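What follows is a set of notes on a single structure, which appears directly below.
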Amino acid sequence: MAFPSQRLRRLRSTPTLRNMVRETVLTCDDLIYPLFVVFGQNKKIPISSMPGVFQYSVDRLGEPIQQVAELGVPAVLLFGIPETKDALGSSAWQEDGVVQQAIRKIKELSPQTVVITDVCMCEYTDHGHCGALDEQGRVINDATLDLLAKEALSHAEAGCDMVAPSDMMDGRVGAIRKALDDHGFSHLPIMSYAAKFSSALYGPFREAAESAPQFGDRKTYQMDGANRLEALREVELDIEEGADIVMVKPALAYLDIIREVKDTFGYPTAAYHVSGEYAMLKAAAANGWLDEERVTMEILTSIKRAGADMIITYAALDAARWLKG
Ligand code: PBG
Ligand code: ZN
């Protein structure tokens, strides 16, 4: 029936025609750029497993923020590397903590840049886990909720535009929502790391954020990568608790989950193109094995095609440059 009356190649014959029928178009507005902010002065420290990514001290944030603003990347996602760590991660909610200072600095440098903060304990605890521990070294869920709520509130008070809890405790979105609402921040959105899988692709990040667990792994709180229905339950609960944006993480190995989350809930959906995904691209490109620009844009477009409305990626500045031609 179809052939020869139907010939799909007709609309592929020129670049202009291909542009006209393109279904998915990545734009700068889709991108969120992660930034690592380190304590101290005059620091720009390269991350060996993530070429092009640095830890910046607050006084050096002008450089990346200027690029973000000039390239039209709408948002940054902040991670802090504090000077001191303890069992409860108490430097996470200090008024003059590294993220709190960075928020104020970025809002001063570029008021229109949306400042999102990662809310988790692993960068601030001396044991590197995402919450408080009991005597057996297990992460205690409900006690951790209070710590996360304090951290989120402290970011809000410093002037962030959105908080992004990444810890995977049960009930954290509700606890953070309540703390924000009780203190005059009912307008502040929450982007929850809703379906966050326990992934080996976070390896390079743990170098960048100095947040590797000192023992064990994160499998008692992050999800098993084999589970699709559980991912939908995680997203459903976060929405019930008040999440405004739901995230799937990592991205490329979980495109099916992104699609299903988007189709099932129709919520603004974010995908985190994580450190290991970035490192693989950079390594292959450095060896001359892949065309970095073309492969990066192909992957970011596929994440958007899968249903992501926004993509957190270390390649955001590169992608913005390539989009500008
Ligand atoms: C903190 C956090 C992690 C990432 C984002 N927030 C690491 C982890 O859970 O171990 C990973 C991001 C990346 O790999 O780029 N909980
Ligand atoms: Zn964590």
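Note on naming: chains are A, B, ... as they come in the structure tokens, residues start from 1 per chain, ligands start from 1 in the order shown.
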Review point. Taking only C-alpha atoms and all ligand atoms into account, which residues are within 8 Å of ligand 2, as a PyMOL selection string?
Key: chain A and resi 119-123+128-131+166-167+211
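The environment of Leu300 in chain A within 9 Å, counting only C-alpha atoms and disregarding residues fewer than 4 places along the same chain, consists of Leu26, Leu252, His273, Val295, Thr296, Lys304, Arg305, Ile311, Thr313 and Ala319 of chain A.
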List as JSON lines every residue of chain A that is in contact with ligand 1, defined as an atom at most 10 Å from one of its atoms (using only C-alpha atoms and all ligand atoms), together with the nearest atom pair and the distance in Å rounded to one decimal, sorted by chain and then rising number.
{"residue": "A:Pro34", "atom": "CA", "partner": "ligand 1", "partner_atom_place_in_ligand_line": "15 (O)", "distance": 8.2}
{"residue": "A:Met50", "atom": "CA", "partner": "ligand 1", "partner_atom_place_in_ligand_line": "15 (O)", "distance": 9.8}
{"residue": "A:Leu77", "atom": "CA", "partner": "ligand 1", "partner_atom_place_in_ligand_line": "5 (C)", "distance": 9.7}
{"residue": "A:Leu78", "atom": "CA", "partner": "ligand 1", "partner_atom_place_in_ligand_line": "6 (N)", "distance": 9.7}
{"residue": "A:Phe79", "atom": "CA", "partner": "ligand 1", "partner_atom_place_in_ligand_line": "6 (N)", "distance": 7.8}
{"residue": "A:Asp118", "atom": "CA", "partner": "ligand 1", "partner_atom_place_in_ligand_line": "6 (N)", "distance": 6.5}
{"residue": "A:Val119", "atom": "CA", "partner": "ligand 1", "partner_atom_place_in_ligand_line": "1 (C)", "distance": 7.8}
{"residue": "A:Cys120", "atom": "CA", "partner": "ligand 1", "partner_atom_place_in_ligand_line": "16 (N)", "distance": 5.5}
{"residue": "A:Met121", "atom": "CA", "partner": "ligand 1", "partner_atom_place_in_ligand_line": "16 (N)", "distance": 7.3}
{"residue": "A:Cys122", "atom": "CA", "partner": "ligand 1", "partner_atom_place_in_ligand_line": "16 (N)", "distance": 6.0}
{"residue": "A:Glu123", "atom": "CA", "partner": "ligand 1", "partner_atom_place_in_ligand_line": "1 (C)", "distance": 7.3}
{"residue": "A:Gly128", "atom": "CA", "partner": "ligand 1", "partner_atom_place_in_ligand_line": "10 (O)", "distance": 8.9}
{"residue": "A:His129", "atom": "CA", "partner": "ligand 1", "partner_atom_place_in_ligand_line": "16 (N)", "distance": 8.3}
{"residue": "A:Cys130", "atom": "CA", "partner": "ligand 1", "partner_atom_place_in_ligand_line": "16 (N)", "distance": 6.2}
{"residue": "A:Gly131", "atom": "CA", "partner": "ligand 1", "partner_atom_place_in_ligand_line": "16 (N)", "distance": 9.7}
{"residue": "A:Ala164", "atom": "CA", "partner": "ligand 1", "partner_atom_place_in_ligand_line": "6 (N)", "distance": 9.0}
{"residue": "A:Pro165", "atom": "CA", "partner": "ligand 1", "partner_atom_place_in_ligand_line": "16 (N)", "distance": 8.1}
{"residue": "A:Ser166", "atom": "CA", "partner": "ligand 1", "partner_atom_place_in_ligand_line": "16 (N)", "distance": 4.9}
{"residue": "A:Asp167", "atom": "CA", "partner": "ligand 1", "partner_atom_place_in_ligand_line": "16 (N)", "distance": 5.1}
{"residue": "A:Met168", "atom": "CA", "partner": "ligand 1", "partner_atom_place_in_ligand_line": "16 (N)", "distance": 8.2}
{"residue": "A:Tyr193", "atom": "CA", "partner": "ligand 1", "partner_atom_place_in_ligand_line": "6 (N)", "distance": 8.5}
{"residue": "A:Lys196", "atom": "CA", "partner": "ligand 1", "partner_atom_place_in_ligand_line": "9 (O)", "distance": 8.0}
{"residue": "A:Phe197", "atom": "CA", "partner": "ligand 1", "partner_atom_place_in_ligand_line": "9 (O)", "distance": 8.5}
{"residue": "A:Ser198", "atom": "CA", "partner": "ligand 1", "partner_atom_place_in_ligand_line": "9 (O)", "distance": 7.4}
{"residue": "A:Ser199", "atom": "CA", "partner": "ligand 1", "partner_atom_place_in_ligand_line": "10 (O)", "distance": 8.0}
{"residue": "A:Ala200", "atom": "CA", "partner": "ligand 1", "partner_atom_place_in_ligand_line": "14 (O)", "distance": 8.5}
{"residue": "A:Leu201", "atom": "CA", "partner": "ligand 1", "partner_atom_place_in_ligand_line": "14 (O)", "distance": 6.0}
{"residue": "A:Tyr202", "atom": "CA", "partner": "ligand 1", "partner_atom_place_in_ligand_line": "14 (O)", "distance": 3.4}
{"residue": "A:Gly203", "atom": "CA", "partner": "ligand 1", "partner_atom_place_in_ligand_line": "14 (O)", "distance": 6.4}
{"residue": "A:Pro204", "atom": "CA", "partner": "ligand 1", "partner_atom_place_in_ligand_line": "14 (O)", "distance": 6.4}
{"residue": "A:Phe205", "atom": "CA", "partner": "ligand 1", "partner_atom_place_in_ligand_line": "14 (O)", "distance": 4.4}
{"residue": "A:Arg206", "atom": "CA", "partner": "ligand 1", "partner_atom_place_in_ligand_line": "7 (C)", "distance": 6.2}
{"residue": "A:Glu207", "atom": "CA", "partner": "ligand 1", "partner_atom_place_in_ligand_line": "14 (O)", "distance": 9.6}
{"residue": "A:Ala208", "atom": "CA", "partner": "ligand 1", "partner_atom_place_in_ligand_line": "15 (O)", "distance": 8.9}
{"residue": "A:Ala209", "atom": "CA", "partner": "ligand 1", "partner_atom_place_in_ligand_line": "7 (C)", "distance": 8.0}
{"residue": "A:Glu210", "atom": "CA", "partner": "ligand 1", "partner_atom_place_in_ligand_line": "7 (C)", "distance": 9.7}
{"residue": "A:Ser211", "atom": "CA", "partner": "ligand 1", "partner_atom_place_in_ligand_line": "10 (O)", "distance": 7.0}
{"residue": "A:Ala212", "atom": "CA", "partner": "ligand 1", "partner_atom_place_in_ligand_line": "10 (O)", "distance": 6.7}
{"residue": "A:Pro213", "atom": "CA", "partner": "ligand 1", "partner_atom_place_in_ligand_line": "10 (O)", "distance": 8.0}
{"residue": "A:Asp217", "atom": "CA", "partner": "ligand 1", "partner_atom_place_in_ligand_line": "10 (O)", "distance": 8.8}
{"residue": "A:Arg218", "atom": "CA", "partner": "ligand 1", "partner_atom_place_in_ligand_line": "10 (O)", "distance": 7.2}
{"residue": "A:Tyr221", "atom": "CA", "partner": "ligand 1", "partner_atom_place_in_ligand_line": "9 (O)", "distance": 9.6}
{"residue": "A:Gln222", "atom": "CA", "partner": "ligand 1", "partner_atom_place_in_ligand_line": "9 (O)", "distance": 7.6}
{"residue": "A:Lys249", "atom": "CA", "partner": "ligand 1", "partner_atom_place_in_ligand_line": "12 (C)", "distance": 8.2}
{"residue": "A:Pro250", "atom": "CA", "partner": "ligand 1", "partner_atom_place_in_ligand_line": "14 (O)", "distance": 7.7}
{"residue": "A:Tyr272", "atom": "CA", "partner": "ligand 1", "partner_atom_place_in_ligand_line": "15 (O)", "distance": 7.2}
{"residue": "A:His273", "atom": "CA", "partner": "ligand 1", "partner_atom_place_in_ligand_line": "15 (O)", "distance": 6.9}
{"residue": "A:Val274", "atom": "CA", "partner": "ligand 1", "partner_atom_place_in_ligand_line": "15 (O)", "distance": 3.5}
{"residue": "A:Ser275", "atom": "CA", "partner": "ligand 1", "partner_atom_place_in_ligand_line": "15 (O)", "distance": 3.6}
{"residue": "A:Gly276", "atom": "CA", "partner": "ligand 1", "partner_atom_place_in_ligand_line": "14 (O)", "distance": 6.1}
{"residue": "A:Glu277", "atom": "CA", "partner": "ligand 1", "partner_atom_place_in_ligand_line": "15 (O)", "distance": 8.1}
{"residue": "A:Tyr278", "atom": "CA", "partner": "ligand 1", "partner_atom_place_in_ligand_line": "15 (O)", "distance": 8.1}
{"residue": "A:Ala279", "atom": "CA", "partner": "ligand 1", "partner_atom_place_in_ligand_line": "15 (O)", "distance": 9.6}
{"residue": "A:Ile312", "atom": "CA", "partner": "ligand 1", "partner_atom_place_in_ligand_line": "15 (O)", "distance": 8.7}
{"residue": "A:Thr313", "atom": "CA", "partner": "ligand 1", "partner_atom_place_in_ligand_line": "15 (O)", "distance": 7.9}
{"residue": "A:Tyr314", "atom": "CA", "partner": "ligand 1", "partner_atom_place_in_ligand_line": "15 (O)", "distance": 7.8}
**Study point:** Residues flagged strand (DSSP E or B) by DSSP in range 26-137 of chain A, as a PyMOL selection string
**Key:** chain A and resi 31-38+44-46+54-57+75-81+86+114-119+125+133
Practice item. Please run DSSP on the backbone and report, as a ChimeraX atom specification, all residues within range 170-205 of chain A that come out as alpha helix (DSSP H). Key: /A:172-182,203-205
Review point. What gap, in Å, lies between CA of Glu108 in chain A and CA of Phe36 in chain A?
Key: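 Straight-line distance from CA of Glu108 in chain A to CA of Phe36 in chain A works out to 18.0 Å.
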Practice item. Can you work out which one of A:Asp170, A:Glu151, A:Glu95, A:Glu70 has the shortest atom-to-atom distance to Thr220 in chain A, counting only C-alpha atoms? Key: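 Closest candidate: A:Asp170.
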Review point. Can you tell me how far CA of Val76 in chain A sits from CA of Cys160 in chain A, in Å to one decimal?
Key: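 Taking CA of Val76 in chain A as the start and CA of Cys160 in chain A as the end point, the length is 10.5 Å.
Taking only C-alpha atoms, the non-local environment of range 55-67 of chain A within 8 Å (same-chain residues fewer than 2 positions away omitted) comprises Leu35, Phe36, Val37, Val38, Phe39, Gly40, Gln41, Asn42, Lys43, Lys44, Ile45, Pro46, Ile47, Val53, Ala69, Glu70, Leu71, Val98, Gln101, Ala102, Lys105, Ile106, Leu109, Ser110, Ala208 and Leu317 of chain A.
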Check your understanding: Val25 in chain A: which residues within 12 Å, counting only C-alpha atoms, same-chain residues fewer than 6 positions away excluded, as a PyMOL selection string?
Key -> chain A and resi 18-19+297-298+300-305+308-309+323
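For the choices A:Val139, A:Val115, A:Ala92, A:Val246, the atom-to-atom distance to Ala75 in chain A is smallest for A:Val115 when using only C-alpha atoms.
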Exercise for review: Name the closest residue to Phe265 in chain A among the candidates A:Leu281, A:Ile245, A:Ile190, A:Ala253; distances are taken between atoms, counting only C-alpha atoms.
Suggested key: A:Ile245
Practice item. Tell me which protein, DNA and RNA residues are within 7 Å of Asn141 in chain A, counting only C-alpha atoms, leaving out same-chain ones fewer than 3 positions away, and put them as a list in words. Key: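 Final neighbour list, sorted by chain and number: Thr144, Leu145, Met169 and Asp170 of chain A.
Compared by their closest atoms to Ala132 in chain A, and using only C-alpha atoms, the residues A:Val114, A:Ala320, A:Val248, A:Ala87 rank with A:Ala87 nearest.
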Exercise for review: Write out as a PyMOL selection string which residues come within 9 Å of Ile257 in chain A when counting only C-alpha atoms, dropping same-chain ones fewer than 2 positions away.
Suggested key: chain A and resi 195+228+231-232+248+251+254-255+259-262+306
Keeping only C-alpha atoms, write the selected residues to a file as a compact mmCIF listing (two decimals), in the first residue's frame.
# COMPACT_ATOMS: atom_id res chain seq x y z
CA ALA A 195 13.78 8.85 40.21
CA ARG A 228 10.72 0.98 36.25
CA ALA A 231 10.51 4.88 39.57
CA LEU A 232 6.91 5.80 38.78
CA VAL A 248 15.15 11.40 36.29
CA ALA A 251 19.67 10.40 31.58
CA TYR A 254 17.23 5.81 31.58
CA LEU A 255 15.55 7.37 28.53
CA ARG A 259 9.46 9.00 28.56
CA GLU A 260 7.23 7.10 30.95
CA VAL A 261 7.41 9.74 33.68
CA LYS A 262 6.48 12.43 31.16
CA ALA A 306 12.48 11.21 25.39
Exercise for review: For each of A:Ile140, A:Leu153, A:Leu133, A:Met310, take the minimum atom-to-atom distance to Trp93 in chain A, counting only C-alpha atoms, then give the residue where this is smallest.
Suggested key: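 Result for the nearest residue to Trp93 in chain A: A:Leu153.
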